[in-house]
Each structure stands twice: as structure tokens, then as C-alpha cells.
Amino acid sequence: MTSTVPALGTRTAEGSALQAVLLDMDGTLVDTEGFWWDVEVEVFASLGHTLDESWRHVVVGGPMTRSAGFLIEATGADITLAELTVLLNNGFEERIGRTLPLMPGAARLLAELYEYEIPTALVSASHRRIIDRVLTSLGAHHFALTVAGDEVPRTKPHPDPYLVAAAGLGAEPARCAVIEDTATGVAAAEAAGCHVVAVPSVAPIAPATRRTVVTSLEDIDLTFLHGLIAAP
């Protein structure tokens, strides 16, 4: 976990209930959910196995241990979880080294949060080595804190990553807005007590209490985020 100490007394947050914004990475800020599936397909092909397209919805958004473990069990591949994790991370890192497309609206939203000094954290199930590579494109200065999936005892769908992020920013979870793209990430944020904005990538997500669903980051700005959090 990397961190700087933010100030919660921000210019636009004065008198507002919003204390911090916590963002997922893959499929939310960077268009990489498809990259993970492509790498999984390639790695298992090299092991002599073909992945069923329907499995994509099972593994999307989850921690490496869950997705890789599921694929090993589903295919019967002769490989350990530790060995597969290395292959998947290597393949993904090589792929993002070639291209790393940002989701529409990501650069504008990050710039707005930074300009108005909103405490912001990147919270991902990806490992630290992957997050650090992606940060070179997203701009590490946009985040006061980053939390990687291999730095918490339990990653998404457990609430731990978002609880760690909120605590690290000195914010109450109920006064944090989380932006996520998968049901797994939404479950983690809601279990932590945060208000969630879902921007579905691979699979649909239905609206619910304390959950707002939009079609794109283009629909989200600071005024929108302030409006999500009821006054304490």
C-alpha cells in the first residue's frame, strides 16, 4: 500500500458530506478487463486448454486467487496457483506495456478531483506490480493512497480494501463515494458501508439502495459525487 497524507479540508468539500472518492482500476479507469481475459485465454491455450466464454463473467473483477483457482479447477490444467499467477501477471504486464487505453471520462474526472483537492484512492484487486505500471499512465499524483489486492488479508468482494482506503484517508466509509465496474467490486464497497457508483463493464449491475448506476465516467463529475452523500 502506498500513501501520502491528504487534507480533508478541501476547497469544494467545505460543508459537504463527501470526504473521499475511492476508485477501482481495471475496467473502471483503464479499459483492461478484456486484457485479463485475453491473457487467461492465451496462457491456458499454451497449457492445452480452451476457456469457455461463459467463464468470463465468473472471473471478471475478482482477486487473482479466485479467478485463477476457478480456471484451474474448471479446466483441470496441470499447474499450481502460484505458477499460474506468475504467468498471468507477466502476460498482463507485457500487454499493458504495448497499450493502455483509459476509459472515456477517466482523465477528466481524475483531473477534476485533483484540481479541487478531493482525497482520492485507487483500490484494486490487481497486484502491486501491476498497479505501479498502470500508475505511470494514470498519474500517481492523482491519488493520495493506492491499495493493491496482494496487500490486504482479504481482497474484493470482502470490504477490507475499501475499509483500508477510507481509514488511510481519514474518512468515514459512509462519506466515501466508490466508483466500480463489477459486481465483485460493488459488493466490497457496499460491505464497507460506502455509497457506490457502478459503471458496468462486462456484466450488467442493477441499481439498489446506496448504489447509483451510470453508463460512463462521462456521467460523473464532482457535483454529481457531492450529491450522492447525504448530509450527516
# chains A, B, ... in the order shown; residues from 1 in each chain; ligands from 1
>>> select_by_dssp(residues="range 131-216 of chain A", states="helix (DSSP H, G or I)", output="NGL selection string")
:A and (131-138 or 140-142 or 149-151 or 160-168 or 173-175 or 183-191)
>>> write_last_selection(atoms="N, CA and C atoms", output="short mmCIF file (atom, residue, chain, number, x, y, z; two decimals), in the first residue's frame")
data_model
loop_
_atom_site.label_atom_id
_atom_site.label_comp_id
_atom_site.auth_asym_id
_atom_site.auth_seq_id
_atom_site.Cartn_x
_atom_site.Cartn_y
_atom_site.Cartn_z
N ILE A 131 -0.37 -2.44 -10.49
CA ILE A 131 -0.83 -1.09 -10.18
C ILE A 131 0.27 -0.07 -10.46
N ASP A 132 1.48 -0.35 -10.06
CA ASP A 132 2.57 0.60 -10.25
C ASP A 132 2.84 0.86 -11.73
N ARG A 133 2.67 -0.16 -12.56
CA ARG A 133 2.82 0.04 -14.01
C ARG A 133 1.70 0.91 -14.56
N VAL A 134 0.48 0.67 -14.12
CA VAL A 134 -0.67 1.44 -14.61
C VAL A 134 -0.59 2.89 -14.14
N LEU A 135 -0.06 3.12 -12.95
CA LEU A 135 0.03 4.47 -12.41
C LEU A 135 0.88 5.39 -13.28
N THR A 136 1.79 4.84 -14.05
CA THR A 136 2.58 5.69 -14.93
C THR A 136 1.72 6.33 -16.00
N SER A 137 0.60 5.68 -16.35
CA SER A 137 -0.33 6.25 -17.32
C SER A 137 -1.42 7.09 -16.66
N LEU A 138 -1.91 6.63 -15.51
CA LEU A 138 -2.97 7.37 -14.81
C LEU A 138 -2.45 8.63 -14.13
N ALA A 140 0.39 9.04 -10.89
CA ALA A 140 0.38 8.72 -9.46
C ALA A 140 -0.02 9.91 -8.60
N HIS A 141 0.21 11.13 -9.10
CA HIS A 141 -0.11 12.33 -8.32
C HIS A 141 -1.61 12.50 -8.10
N HIS A 142 -2.43 11.78 -8.88
CA HIS A 142 -3.88 11.88 -8.73
C HIS A 142 -4.38 11.18 -7.46
N GLY A 149 -4.38 -5.58 -4.33
CA GLY A 149 -5.03 -6.81 -3.88
C GLY A 149 -4.14 -7.73 -3.09
N ASP A 150 -2.82 -7.64 -3.30
CA ASP A 150 -1.90 -8.51 -2.56
C ASP A 150 -1.36 -7.82 -1.31
N GLU A 151 -2.01 -6.72 -0.90
CA GLU A 151 -1.55 -6.00 0.29
C GLU A 151 -2.58 -6.03 1.43
N ASP A 160 -12.46 -5.32 3.07
CA ASP A 160 -11.16 -4.90 3.58
C ASP A 160 -10.47 -3.81 2.76
N PRO A 161 -10.36 -3.94 1.42
CA PRO A 161 -9.63 -2.91 0.66
C PRO A 161 -10.23 -1.52 0.83
N TYR A 162 -11.56 -1.43 0.83
CA TYR A 162 -12.19 -0.12 0.94
C TYR A 162 -12.14 0.40 2.37
N LEU A 163 -12.19 -0.48 3.35
CA LEU A 163 -12.02 -0.04 4.73
C LEU A 163 -10.61 0.49 4.96
N VAL A 164 -9.61 -0.19 4.38
CA VAL A 164 -8.22 0.26 4.49
C VAL A 164 -8.05 1.62 3.81
N ALA A 165 -8.66 1.78 2.64
CA ALA A 165 -8.53 3.04 1.90
C ALA A 165 -9.18 4.19 2.65
N ALA A 166 -10.39 3.97 3.16
CA ALA A 166 -11.09 5.02 3.90
C ALA A 166 -10.29 5.42 5.14
N ALA A 167 -9.81 4.42 5.88
CA ALA A 167 -9.02 4.71 7.09
C ALA A 167 -7.74 5.46 6.73
N GLY A 168 -7.11 5.06 5.65
CA GLY A 168 -5.87 5.71 5.24
C GLY A 168 -6.06 7.16 4.85
N PRO A 173 -16.31 5.58 6.00
CA PRO A 173 -16.79 4.87 4.81
C PRO A 173 -18.13 5.39 4.29
N ALA A 174 -19.04 5.74 5.18
CA ALA A 174 -20.35 6.22 4.77
C ALA A 174 -20.30 7.56 4.06
N ARG A 175 -19.15 8.24 4.16
CA ARG A 175 -18.99 9.52 3.50
C ARG A 175 -17.98 9.43 2.35
N ALA A 183 -19.70 -6.49 -10.25
CA ALA A 183 -20.48 -6.87 -9.08
C ALA A 183 -19.58 -7.20 -7.90
N THR A 184 -18.42 -7.77 -8.15
CA THR A 184 -17.48 -8.10 -7.09
C THR A 184 -17.01 -6.85 -6.36
N GLY A 185 -16.62 -5.85 -7.12
CA GLY A 185 -16.17 -4.60 -6.53
C GLY A 185 -17.28 -3.86 -5.82
N VAL A 186 -18.47 -3.87 -6.42
CA VAL A 186 -19.63 -3.24 -5.79
C VAL A 186 -19.92 -3.89 -4.44
N ALA A 187 -19.87 -5.22 -4.40
CA ALA A 187 -20.12 -5.94 -3.15
C ALA A 187 -19.12 -5.54 -2.07
N ALA A 188 -17.85 -5.38 -2.45
CA ALA A 188 -16.82 -4.99 -1.49
C ALA A 188 -17.09 -3.61 -0.93
N ALA A 189 -17.41 -2.68 -1.82
CA ALA A 189 -17.64 -1.29 -1.39
C ALA A 189 -18.88 -1.18 -0.52
N GLU A 190 -19.93 -1.89 -0.89
CA GLU A 190 -21.16 -1.83 -0.11
C GLU A 190 -20.98 -2.49 1.26
N ALA A 191 -20.22 -3.57 1.30
CA ALA A 191 -19.95 -4.23 2.58
C ALA A 191 -19.15 -3.32 3.50
#
>>> residues_around(residues="range 208-222 of chain A", least_positions_apart="4", cutoff="9 Å", atoms="only C-alpha atoms", output="ChimeraX atom specification")
/A:12,28-29,103-106,108-109,112-113,116,179,186,190,193-201,226-229
>>> write_last_selection(atoms="N, CA and C atoms", output="short mmCIF file (atom, residue, chain, number, x, y, z; two decimals), in the first residue's frame")
data_model
loop_
_atom_site.label_atom_id
_atom_site.label_comp_id
_atom_site.auth_asym_id
_atom_site.auth_seq_id
_atom_site.Cartn_x
_atom_site.Cartn_y
_atom_site.Cartn_z
N THR A 12 -13.72 22.32 -2.33
CA THR A 12 -15.12 22.07 -2.66
C THR A 12 -15.81 21.23 -1.61
N THR A 28 -12.64 0.25 -14.82
CA THR A 28 -13.23 1.49 -14.32
C THR A 28 -12.47 2.69 -14.85
N LEU A 29 -11.17 2.75 -14.59
CA LEU A 29 -10.34 3.84 -15.08
C LEU A 29 -9.58 3.47 -16.35
N MET A 103 -10.51 4.64 -19.85
CA MET A 103 -11.94 4.67 -20.09
C MET A 103 -12.37 6.10 -20.39
N PRO A 104 -13.40 6.28 -21.23
CA PRO A 104 -13.88 7.63 -21.53
C PRO A 104 -14.25 8.38 -20.24
N GLY A 105 -13.74 9.58 -20.11
CA GLY A 105 -14.03 10.40 -18.95
C GLY A 105 -13.06 10.23 -17.80
N ALA A 106 -12.18 9.22 -17.85
CA ALA A 106 -11.28 8.95 -16.72
C ALA A 106 -10.30 10.09 -16.49
N ARG A 108 -10.47 13.22 -17.40
CA ARG A 108 -11.16 14.44 -16.98
C ARG A 108 -11.59 14.37 -15.51
N LEU A 109 -12.13 13.20 -15.08
CA LEU A 109 -12.57 13.04 -13.71
C LEU A 109 -11.39 13.11 -12.73
N GLU A 112 -10.23 16.65 -12.34
CA GLU A 112 -11.16 17.46 -11.55
C GLU A 112 -10.99 17.18 -10.06
N LEU A 113 -10.90 15.90 -9.68
CA LEU A 113 -10.71 15.55 -8.28
C LEU A 113 -9.40 16.12 -7.76
N TYR A 116 -9.55 20.08 -7.32
CA TYR A 116 -10.30 20.54 -6.16
C TYR A 116 -9.90 19.83 -4.87
N ILE A 179 -16.30 4.23 -6.97
CA ILE A 179 -16.65 4.02 -8.38
C ILE A 179 -16.10 2.67 -8.79
N VAL A 186 -18.47 -3.87 -6.42
CA VAL A 186 -19.63 -3.24 -5.79
C VAL A 186 -19.92 -3.89 -4.44
N GLU A 190 -19.93 -1.89 -0.89
CA GLU A 190 -21.16 -1.83 -0.11
C GLU A 190 -20.98 -2.49 1.26
N GLY A 193 -19.65 -0.16 3.63
CA GLY A 193 -20.54 0.91 4.03
C GLY A 193 -20.45 2.17 3.19
N CYS A 194 -19.84 2.06 2.01
CA CYS A 194 -19.68 3.21 1.13
C CYS A 194 -20.88 3.36 0.19
N HIS A 195 -21.04 4.55 -0.37
CA HIS A 195 -22.01 4.75 -1.44
C HIS A 195 -21.30 4.43 -2.76
N VAL A 196 -21.96 3.66 -3.61
CA VAL A 196 -21.31 3.15 -4.82
C VAL A 196 -21.92 3.75 -6.08
N VAL A 197 -21.04 4.13 -6.99
CA VAL A 197 -21.44 4.45 -8.35
C VAL A 197 -20.92 3.32 -9.23
N ALA A 198 -21.84 2.57 -9.83
CA ALA A 198 -21.45 1.45 -10.70
C ALA A 198 -21.46 1.91 -12.15
N VAL A 199 -20.36 1.61 -12.84
CA VAL A 199 -20.24 1.87 -14.27
C VAL A 199 -19.96 0.50 -14.91
N PRO A 200 -21.00 -0.31 -15.18
CA PRO A 200 -20.79 -1.70 -15.59
C PRO A 200 -19.93 -1.83 -16.84
N SER A 201 -19.00 -2.80 -16.79
CA SER A 201 -18.13 -3.06 -17.94
C SER A 201 -18.54 -4.33 -18.67
N HIS A 226 -20.81 14.88 -4.95
CA HIS A 226 -21.27 15.56 -3.72
C HIS A 226 -22.75 15.24 -3.48
N GLY A 227 -23.54 15.15 -4.55
CA GLY A 227 -24.97 14.92 -4.41
C GLY A 227 -25.33 13.53 -3.93
N LEU A 228 -24.38 12.60 -4.00
CA LEU A 228 -24.66 11.22 -3.59
C LEU A 228 -24.69 11.05 -2.08
N ILE A 229 -23.91 11.86 -1.38
CA ILE A 229 -23.69 11.63 0.05
C ILE A 229 -24.60 12.57 0.84
#
>>> closest_residue(among="A:Met64, A:Pro207, A:Glu33, A:Leu84", to="Ser46 in chain A", atoms="only C-alpha atoms")
A:Leu84
>>> closest_residue(among="A:Glu115, A:Glu83, A:Glu93, A:Glu180", to="Leu23 in chain A", atoms="only C-alpha atoms")
A:Glu180
>>> closest_residue(among="A:Gly34, A:Pro119, A:Gly139, A:Pro63", to="Pro157 in chain A", atoms="only C-alpha atoms")
A:Pro63
>>> closest_residue(among="A:Ala203, A:Val147, A:Leu102, A:Leu110", to="Ser124 in chain A", atoms="only C-alpha atoms")
A:Val147
>>> select_by_dssp(residues="range 95-180 of chain A", states="strand (DSSP E)", output="number ranges by chain")
A: 120-123, 145-147, 176-180
>>> closest_residue(among="A:Ile72, A:Leu88, A:Ile118, A:Ala17", to="Asp38 in chain A", atoms="only C-alpha atoms")
A:Leu88
>>> closest_residue(among="A:Gly170, A:Gly27, A:Pro101, A:Gly69", to="Leu81 in chain A", atoms="only C-alpha atoms")
A:Gly69
>>> residues_around(residues="Glu53 in chain A", least_positions_apart="2", cutoff="12 Å", atoms="only C-alpha atoms", output="ChimeraX atom specification")
/A:34,37-38,40-41,50-51,55-60,71,202
